[in-house]
>>> print(open('final_25.cif').read())   # mmCIF, C-alpha atoms
data_data
loop_
_atom_site.group_PDB
_atom_site.id
_atom_site.type_symbol
_atom_site.label_atom_id
_atom_site.label_comp_id
_atom_site.auth_asym_id
_atom_site.auth_seq_id
_atom_site.Cartn_x
_atom_site.Cartn_y
_atom_site.Cartn_z
ATOM 1 C CA MET A 825 61.532 86.871 72.741
ATOM 2 C CA GLY A 826 60.611 84.798 69.705
ATOM 3 C CA LYS A 827 60.545 86.327 66.255
ATOM 4 C CA VAL A 828 57.076 87.074 64.875
ATOM 5 C CA SER A 829 56.319 86.607 61.181
ATOM 6 C CA LEU A 830 53.332 87.747 59.155
ATOM 7 C CA MET A 831 51.622 85.266 56.861
ATOM 8 C CA LEU A 832 50.016 86.623 53.699
ATOM 9 C CA ASN A 833 47.388 85.179 51.401
ATOM 10 C CA GLU A 834 48.492 86.308 47.937
ATOM 11 C CA TYR A 835 45.261 85.034 46.405
ATOM 12 C CA GLU A 836 43.219 87.500 48.486
ATOM 13 C CA CYS A 837 45.509 90.545 48.012
ATOM 14 C CA MET A 838 44.031 92.918 45.414
ATOM 15 C CA GLY A 839 46.921 95.387 45.321
ATOM 16 C CA CYS A 840 45.153 98.316 47.035
ATOM 17 C CA HIS A 841 48.418 99.424 48.757
ATOM 18 C CA ALA A 842 46.479 100.269 51.951
ATOM 19 C CA CYS A 843 49.036 98.300 53.998
ATOM 20 C CA GLU A 844 51.838 100.491 52.593
ATOM 21 C CA VAL A 845 50.070 103.681 53.654
ATOM 22 C CA ALA A 846 49.126 102.359 57.100
ATOM 23 C CA CYS A 847 52.649 101.112 57.801
ATOM 24 C CA LYS A 848 54.242 104.400 56.741
ATOM 25 C CA GLN A 849 51.826 106.399 58.891
ATOM 26 C CA GLU A 850 52.445 104.164 61.909
ATOM 27 C CA HIS A 851 56.226 104.537 61.631
ATOM 28 C CA GLY A 852 56.156 108.202 60.607
ATOM 29 C CA LEU A 853 58.132 107.507 57.448
ATOM 30 C CA GLY A 854 56.504 110.159 55.284
ATOM 31 C CA VAL A 855 56.984 110.127 51.521
ATOM 32 C CA GLY A 856 59.598 107.744 50.110
ATOM 33 C CA PRO A 857 60.783 104.708 52.124
ATOM 34 C CA ARG A 858 58.339 101.862 52.602
ATOM 35 C CA VAL A 859 58.328 99.105 55.189
ATOM 36 C CA ILE A 860 55.806 97.235 53.037
ATOM 37 C CA LYS A 861 55.948 97.256 49.244
ATOM 38 C CA VAL A 862 53.299 95.712 47.020
ATOM 39 C CA ILE A 863 54.369 94.527 43.558
ATOM 40 C CA GLU A 864 52.255 93.046 40.793
ATOM 41 C CA ARG A 865 52.946 89.514 39.659
ATOM 42 C CA ALA A 866 50.041 88.918 37.292
ATOM 43 C CA PRO A 867 47.445 87.685 37.969
ATOM 44 C CA TYR A 868 48.264 88.323 41.658
ATOM 45 C CA PHE A 869 49.788 91.037 43.848
ATOM 46 C CA LYS A 870 52.647 90.260 46.225
ATOM 47 C CA PRO A 871 53.320 92.275 49.417
ATOM 48 C CA LEU A 872 57.031 92.308 50.289
ATOM 49 C CA PHE A 873 58.362 92.994 53.775
ATOM 50 C CA CYS A 874 61.656 94.280 55.109
ATOM 51 C CA HIS A 875 62.714 92.384 58.271
ATOM 52 C CA HIS A 876 64.525 95.462 59.686
ATOM 53 C CA CYS A 877 67.352 93.320 61.053
ATOM 54 C CA GLU A 878 69.215 94.581 64.112
ATOM 55 C CA ASP A 879 72.523 94.458 62.214
ATOM 56 C CA ALA A 880 71.082 95.005 58.746
ATOM 57 C CA PRO A 881 73.371 93.171 56.259
ATOM 58 C CA CYS A 882 71.866 95.160 53.389
ATOM 59 C CA ALA A 883 73.177 98.402 54.911
ATOM 60 C CA LEU A 884 76.656 96.921 55.313
ATOM 61 C CA ALA A 885 76.656 95.641 51.729
ATOM 62 C CA CYS A 886 75.406 98.820 50.048
ATOM 63 C CA PRO A 887 78.298 100.399 48.067
ATOM 64 C CA GLU A 888 76.583 103.811 48.004
ATOM 65 C CA ASP A 889 75.683 103.996 51.734
ATOM 66 C CA ALA A 890 72.083 104.422 50.613
ATOM 67 C CA ILE A 891 70.672 102.141 53.332
ATOM 68 C CA THR A 892 70.604 103.292 56.953
ATOM 69 C CA LYS A 893 68.847 102.281 60.162
ATOM 70 C CA ASP A 894 66.867 104.894 62.083
ATOM 71 C CA PRO A 895 68.380 104.876 65.608
ATOM 72 C CA ASN A 896 65.052 105.903 67.179
ATOM 73 C CA THR A 897 62.552 103.630 65.422
ATOM 74 C CA GLY A 898 64.855 100.813 64.260
ATOM 75 C CA VAL A 899 63.360 101.076 60.775
ATOM 76 C CA VAL A 900 65.681 100.375 57.819
ATOM 77 C CA LEU A 901 65.504 103.276 55.361
ATOM 78 C CA VAL A 902 66.608 103.569 51.724
ATOM 79 C CA ASP A 903 67.787 106.911 50.322
ATOM 80 C CA SER A 904 66.448 106.940 46.754
ATOM 81 C CA GLU A 905 68.888 109.729 45.809
ATOM 82 C CA LYS A 906 71.902 107.561 46.663
ATOM 83 C CA CYS A 907 70.572 104.162 45.550
ATOM 84 C CA ASN A 908 71.779 103.146 42.074
ATOM 85 C CA GLY A 909 69.829 99.884 41.906
ATOM 86 C CA CYS A 910 72.898 97.636 41.789
ATOM 87 C CA ASN A 911 71.410 94.847 43.980
ATOM 88 C CA ALA A 912 74.711 94.450 45.807
ATOM 89 C CA VAL A 913 75.388 91.130 47.521
ATOM 90 C CA PRO A 914 76.983 90.914 51.017
ATOM 91 C CA GLY A 915 80.535 89.604 51.168
ATOM 92 C CA LYS A 916 81.587 90.726 47.685
ATOM 93 C CA SER A 917 83.958 93.465 46.592
ATOM 94 C CA GLY A 918 82.725 96.736 45.121
ATOM 95 C CA ALA A 919 83.382 95.551 41.567
ATOM 96 C CA GLU A 920 81.573 92.277 42.151
ATOM 97 C CA LYS A 921 78.610 94.132 43.615
ATOM 98 C CA GLN A 922 78.203 96.024 40.371
ATOM 99 C CA GLN A 923 78.215 92.719 38.490
ATOM 100 C CA THR A 924 75.034 91.673 40.247
ATOM 101 C CA SER A 925 72.884 94.232 38.446
ATOM 102 C CA ALA A 926 70.506 92.341 36.161
ATOM 103 C CA CYS A 927 70.576 95.070 33.517
ATOM 104 C CA LYS A 928 74.370 94.987 33.303
ATOM 105 C CA VAL A 929 74.454 91.206 33.119
ATOM 106 C CA GLU A 930 71.972 91.235 30.219
ATOM 107 C CA CYS A 931 73.817 93.970 28.291
ATOM 108 C CA PRO A 932 75.781 92.380 25.382
ATOM 109 C CA ALA A 933 78.541 94.977 25.862
ATOM 110 C CA HIS A 934 78.357 94.629 29.665
ATOM 111 C CA ILE A 935 77.996 98.394 30.087
ATOM 112 C CA ASP A 936 77.778 99.700 33.655
ATOM 113 C CA VAL A 937 74.093 100.508 33.157
ATOM 114 C CA GLN A 938 73.147 101.396 36.715
ATOM 115 C CA GLY A 939 76.250 103.581 36.900
ATOM 116 C CA PHE A 940 75.622 105.732 33.832
ATOM 117 C CA VAL A 941 71.887 106.028 34.528
ATOM 118 C CA SER A 942 72.644 107.212 38.068
ATOM 119 C CA LEU A 943 75.069 109.836 36.727
ATOM 120 C CA ALA A 944 72.631 110.979 34.033
ATOM 121 C CA VAL A 945 69.862 111.455 36.598
ATOM 122 C CA LYS A 946 72.185 113.750 38.549
ATOM 123 C CA GLY A 947 72.893 115.785 35.399
ATOM 124 C CA LYS A 948 76.466 114.490 35.104
ATOM 125 C CA PHE A 949 76.120 113.803 31.379
ATOM 126 C CA GLN A 950 79.842 113.910 30.541
ATOM 127 C CA GLU A 951 80.701 111.440 33.283
ATOM 128 C CA ALA A 952 77.835 109.169 32.217
ATOM 129 C CA LEU A 953 79.081 109.191 28.618
ATOM 130 C CA GLN A 954 82.623 108.354 29.726
ATOM 131 C CA LEU A 955 81.316 105.381 31.693
ATOM 132 C CA ILE A 956 79.434 104.072 28.648
ATOM 133 C CA LYS A 957 82.476 104.462 26.411
ATOM 134 C CA LEU A 958 84.562 102.306 28.703
ATOM 135 C CA ALA A 959 82.624 99.389 27.203
ATOM 136 C CA SER A 960 80.999 100.737 24.023
ATOM 137 C CA PRO A 961 82.293 103.576 21.802
ATOM 138 C CA PHE A 962 79.033 104.149 19.902
ATOM 139 C CA PRO A 963 76.233 105.131 22.315
ATOM 140 C CA SER A 964 74.284 107.031 19.637
ATOM 141 C CA ILE A 965 74.174 103.968 17.381
ATOM 142 C CA CYS A 966 73.590 101.387 20.112
ATOM 143 C CA GLY A 967 70.944 103.657 21.578
ATOM 144 C CA ARG A 968 69.028 103.169 18.333
ATOM 145 C CA VAL A 969 69.710 99.678 17.004
ATOM 146 C CA CYS A 970 70.170 97.668 20.213
ATOM 147 C CA SER A 971 67.219 95.476 21.208
ATOM 148 C CA HIS A 972 67.862 96.667 24.807
ATOM 149 C CA PRO A 973 67.606 93.347 26.712
ATOM 150 C CA CYS A 974 68.730 95.351 29.746
ATOM 151 C CA GLU A 975 65.252 96.869 30.018
ATOM 152 C CA SER A 976 63.625 93.437 29.927
ATOM 153 C CA GLU A 977 65.524 92.551 33.127
ATOM 154 C CA CYS A 978 65.282 95.964 34.804
ATOM 155 C CA ASN A 979 64.316 95.491 38.470
ATOM 156 C CA ARG A 980 62.300 98.709 38.389
ATOM 157 C CA ASP A 981 59.688 96.740 36.447
ATOM 158 C CA GLN A 982 58.719 95.090 39.748
ATOM 159 C CA ILE A 983 57.440 98.474 40.970
ATOM 160 C CA ASP A 984 56.081 100.281 37.902
ATOM 161 C CA LYS A 985 57.977 100.085 34.602
ATOM 162 C CA PRO A 986 61.593 99.581 33.429
ATOM 163 C CA VAL A 987 64.003 102.510 33.283
ATOM 164 C CA ALA A 988 64.295 103.877 29.720
ATOM 165 C CA ILE A 989 67.942 102.785 29.477
ATOM 166 C CA HIS A 990 67.891 102.683 25.675
ATOM 167 C CA ALA A 991 66.656 106.282 25.367
ATOM 168 C CA ILE A 992 69.083 107.599 27.998
ATOM 169 C CA GLU A 993 72.059 106.068 26.183
ATOM 170 C CA ARG A 994 70.889 107.560 22.882
ATOM 171 C CA PHE A 995 70.412 110.963 24.513
ATOM 172 C CA LEU A 996 73.933 110.956 25.966
ATOM 173 C CA GLY A 997 75.461 109.906 22.634
ATOM 174 C CA ASP A 998 73.567 112.556 20.667
ATOM 175 C CA LEU A 999 74.479 115.209 23.216
ATOM 176 C CA ASP A 1000 78.158 114.422 22.709
ATOM 177 C CA LEU A 1001 77.847 114.516 18.902
ATOM 178 C CA LYS A 1002 76.306 117.999 19.073
ATOM 179 C CA ALA A 1003 78.759 119.347 21.644
ATOM 180 C CA LYS A 1004 81.296 122.003 20.631
ATOM 181 C CA ARG A 1005 83.907 120.129 22.617
ATOM 182 C CA ARG A 1006 83.354 116.400 22.321
ATOM 183 C CA TYR A 1007 84.659 113.859 24.792
ATOM 184 C CA MET A 1008 88.150 112.625 23.904
ATOM 185 C CA PRO A 1009 89.487 109.671 25.911
ATOM 186 C CA GLU A 1010 92.965 109.837 27.350
ATOM 187 C CA ILE A 1011 95.637 108.188 25.187
ATOM 188 C CA LYS A 1012 98.136 106.080 27.101
ATOM 189 C CA THR A 1013 101.871 106.050 26.373
ATOM 190 C CA LYS A 1014 102.400 105.700 22.625
ATOM 191 C CA LYS A 1015 103.775 102.367 21.503
ATOM 192 C CA LYS A 1016 106.022 101.558 18.558
ATOM 193 C CA GLU A 1017 103.909 98.669 17.309
ATOM 194 C CA LYS A 1018 101.544 99.197 14.391
ATOM 195 C CA ILE A 1019 98.285 97.293 14.073
ATOM 196 C CA ALA A 1020 96.245 96.695 10.926
ATOM 197 C CA ILE A 1021 92.518 96.042 11.162
ATOM 198 C CA VAL A 1022 90.680 94.552 8.197
ATOM 199 C CA GLY A 1023 87.133 95.837 7.897
ATOM 200 C CA SER A 1024 85.508 99.012 9.186
ATOM 201 C CA GLY A 1025 82.399 97.384 10.591
ATOM 202 C CA PRO A 1026 81.276 97.842 14.210
ATOM 203 C CA ALA A 1027 83.771 95.247 15.491
ATOM 204 C CA GLY A 1028 86.679 96.715 13.520
ATOM 205 C CA LEU A 1029 85.960 100.290 14.588
ATOM 206 C CA THR A 1030 85.502 99.256 18.206
ATOM 207 C CA CYS A 1031 88.778 97.360 18.151
ATOM 208 C CA ALA A 1032 90.550 100.371 16.625
ATOM 209 C CA TYR A 1033 89.030 102.716 19.204
ATOM 210 C CA TYR A 1034 90.343 100.815 22.211
ATOM 211 C CA LEU A 1035 93.709 99.946 20.657
ATOM 212 C CA ALA A 1036 94.273 103.632 19.879
ATOM 213 C CA GLN A 1037 93.559 104.453 23.516
ATOM 214 C CA GLU A 1038 96.251 101.969 24.502
ATOM 215 C CA GLY A 1039 98.745 103.931 22.398
ATOM 216 C CA TYR A 1040 98.985 101.702 19.309
ATOM 217 C CA LYS A 1041 99.176 103.103 15.779
ATOM 218 C CA VAL A 1042 96.103 101.683 14.085
ATOM 219 C CA THR A 1043 95.268 101.526 10.378
ATOM 220 C CA ILE A 1044 91.894 100.275 9.147
ATOM 221 C CA PHE A 1045 91.660 98.604 5.735
ATOM 222 C CA GLU A 1046 88.245 98.592 4.092
ATOM 223 C CA LYS A 1047 87.408 97.086 0.707
ATOM 224 C CA ALA A 1048 84.175 98.996 0.219
ATOM 225 C CA LYS A 1049 84.016 102.723 -0.465
ATOM 226 C CA VAL A 1050 83.592 104.777 2.674
#
>>> encode(input="final_25.cif", output="C-alpha cells")
Amino acid sequence: MGKVSLMLNEYECMGCHACEVACKQEHGLGVGPRVIKVIERAPYFKPLFCHHCEDAPCALACPEDAITKDPNTGVVLVDSEKCNGCNAVPGKSGAEKQQTSACKVECPAHIDVQGFVSLAVKGKFQEALQLIKLASPFPSICGRVCSHPCESECNRDQIDKPVAIHAIERFLGDLDLKAKRRYMPEIKTKKKEKIAIVGSGPAGLTCAYYLAQEGYKVTIFEKAKV
C-alpha cells in the first residue's frame, strides 16, 4: 500500500487549532500528546505532523525514553514528564545528543541547560545547581548579568514562549546562597603543585574554583582592594 501524505496550504491556515482537537479526539489521545501541532511563524501558522513511523527512530534516539508507540493505535506518544527538550539525533551517543540542544549550544559557558531545567522542574534543586556548577561557578551572578542568548534559541518558543532559563538559574543560585548548608564540590586528590592566579575577576575566580577542585593549592593575587 502506498504512503499517503497530506498537503497543507499555509497561506490559508489561520491557527485555529481545530485540526489538533479533531485529531486528538479521533485517536483518543486526551490531554497532552498531539498528532498535529500548529505553531506560529509570523505572519503565517504552520501545522506540523508526526509520521508515526512503524519503527519510530525518534523513540530509539530519545535518551530519556520519553517517546513510545501505542501498541493498539500505532500512535507515537511523547511523555512530557520525561522529555527534557534535548532534540536528540539518531546515531549519536548520549553525550552528543545533549550537545544538540539549541539552548546549550548558544550558552557562552555551555551549561547543560535542558538538564538543570529538567531537574529544577522536578524539585531537585541541589542536583540542578550541581549541574550548573560543572560549567559555571556563579549562577547567582550569571542569572542576573547574562544576556541569556539561550532563551533566544529556546525551542519552546515554537509553541508558546521560551523557558525562563535566566530566572531559573538565578533562583537556584540564590537558594544556595541562603541555604544553611551550601553546596560544596568534591575535592580530588590533593596535589603538591601550587598555582598563582593574577586578578580576581570572573575569569580568575572561575579558574581558581576549578583548579581547587582538581586538588591544586591556589593563591589569587589582586592589585585592587577587595
>>> atom_distance(input="final_25.cif", atom1="CA of Tyr1007 (chain A)", atom2="CA of Lys928 (chain A)")
23.1 Å
>>> atom_distance(input="final_25.cif", atom1="CA of Ile1011 (chain A)", atom2="CA of Cys927 (chain A)")
29.5 Å
>>> axis_aligned_box(input="final_25.cif", around="region 973-982 of chain A", padding_each_side="6 Å", output="lines of an AutoDock Vina configuration file")
center_x = 63.7
center_y = 95.6
center_z = 33.2
size_x = 22.0
size_y = 18.2
size_z = 25.0
>>> closest_residue(input="final_25.cif", among="A:Gln982, A:Thr1030, A:Gln954, A:Ser971", to="Glu1010 (chain A)", atoms="all atoms listed in the file")
A:Gln954
>>> closest_residue(input="final_25.cif", among="A:Ser960, A:Asn979, A:Thr892, A:Thr1043", to="Ser1024 (chain A)", atoms="all atoms listed in the file")
A:Thr1043
>>> residues_near_point(input="final_25.cif", point="(74.1, 108.6, 32.8)", cutoff="10 Å", atoms="only C-alpha atoms", output="MDAnalysis selection string")
chainID A and resid 936:956 989 992:993 995:996
>>> resolve_selection(input="final_25.cif", expression="the PyMOL selection byres ((chain A and resi 1013) around 9)", output="list in words")
Ile1011, Lys1012, Lys1014, Lys1015, Gln1037, Glu1038, Gly1039 and Tyr1040 of chain A
>>> closest_residue(input="final_25.cif", among="A:Leu901, A:Ala1020, A:Ala1027, A:Ala1003", to="Phe962 (chain A)", atoms="all atoms listed in the file")
A:Ala1027
>>> atom_distance(input="final_25.cif", atom1="CA of Ser904 (chain A)", atom2="CA of Ala890 (chain A)")
7.3 Å
>>> residues_near_point(input="final_25.cif", point="(98.1, 101.5, 13.1)", cutoff="9 Å", atoms="only C-alpha atoms", output="list in words")
Glu1017, Lys1018, Ile1019, Ala1020, Ile1021, Ala1032, Leu1035, Ala1036, Tyr1040, Lys1041, Val1042, Thr1043 and Ile1044 of chain A
>>> closest_residue(input="final_25.cif", among="A:Pro963, A:Cys931, A:Cys882, A:Pro887", to="Leu1001 (chain A)", atoms="all atoms listed in the file")
A:Pro963
>>> resolve_selection(input="final_25.cif", expression="the PyMOL selection byres ((chain A and resi 1050) around 12)", output="ChimeraX atom specification")
/A:1023-1025,1044-1049
>>> closest_residue(input="final_25.cif", among="A:Asp984, A:Ser964, A:Tyr1033, A:Cys970", to="Leu999 (chain A)", atoms="only C-alpha atoms")
A:Ser964
>>> resolve_selection(input="final_25.cif", expression="the PyMOL selection byres ((chain A and resi 975-978) around 7)", output="ChimeraX atom specification")
/A:926-927,972-974,979-981,986-987,989
>>> closest_residue(input="final_25.cif", among="A:Leu1029, A:His990, A:Cys886, A:Lys906", to="Ile935 (chain A)", atoms="only C-alpha atoms")
A:His990
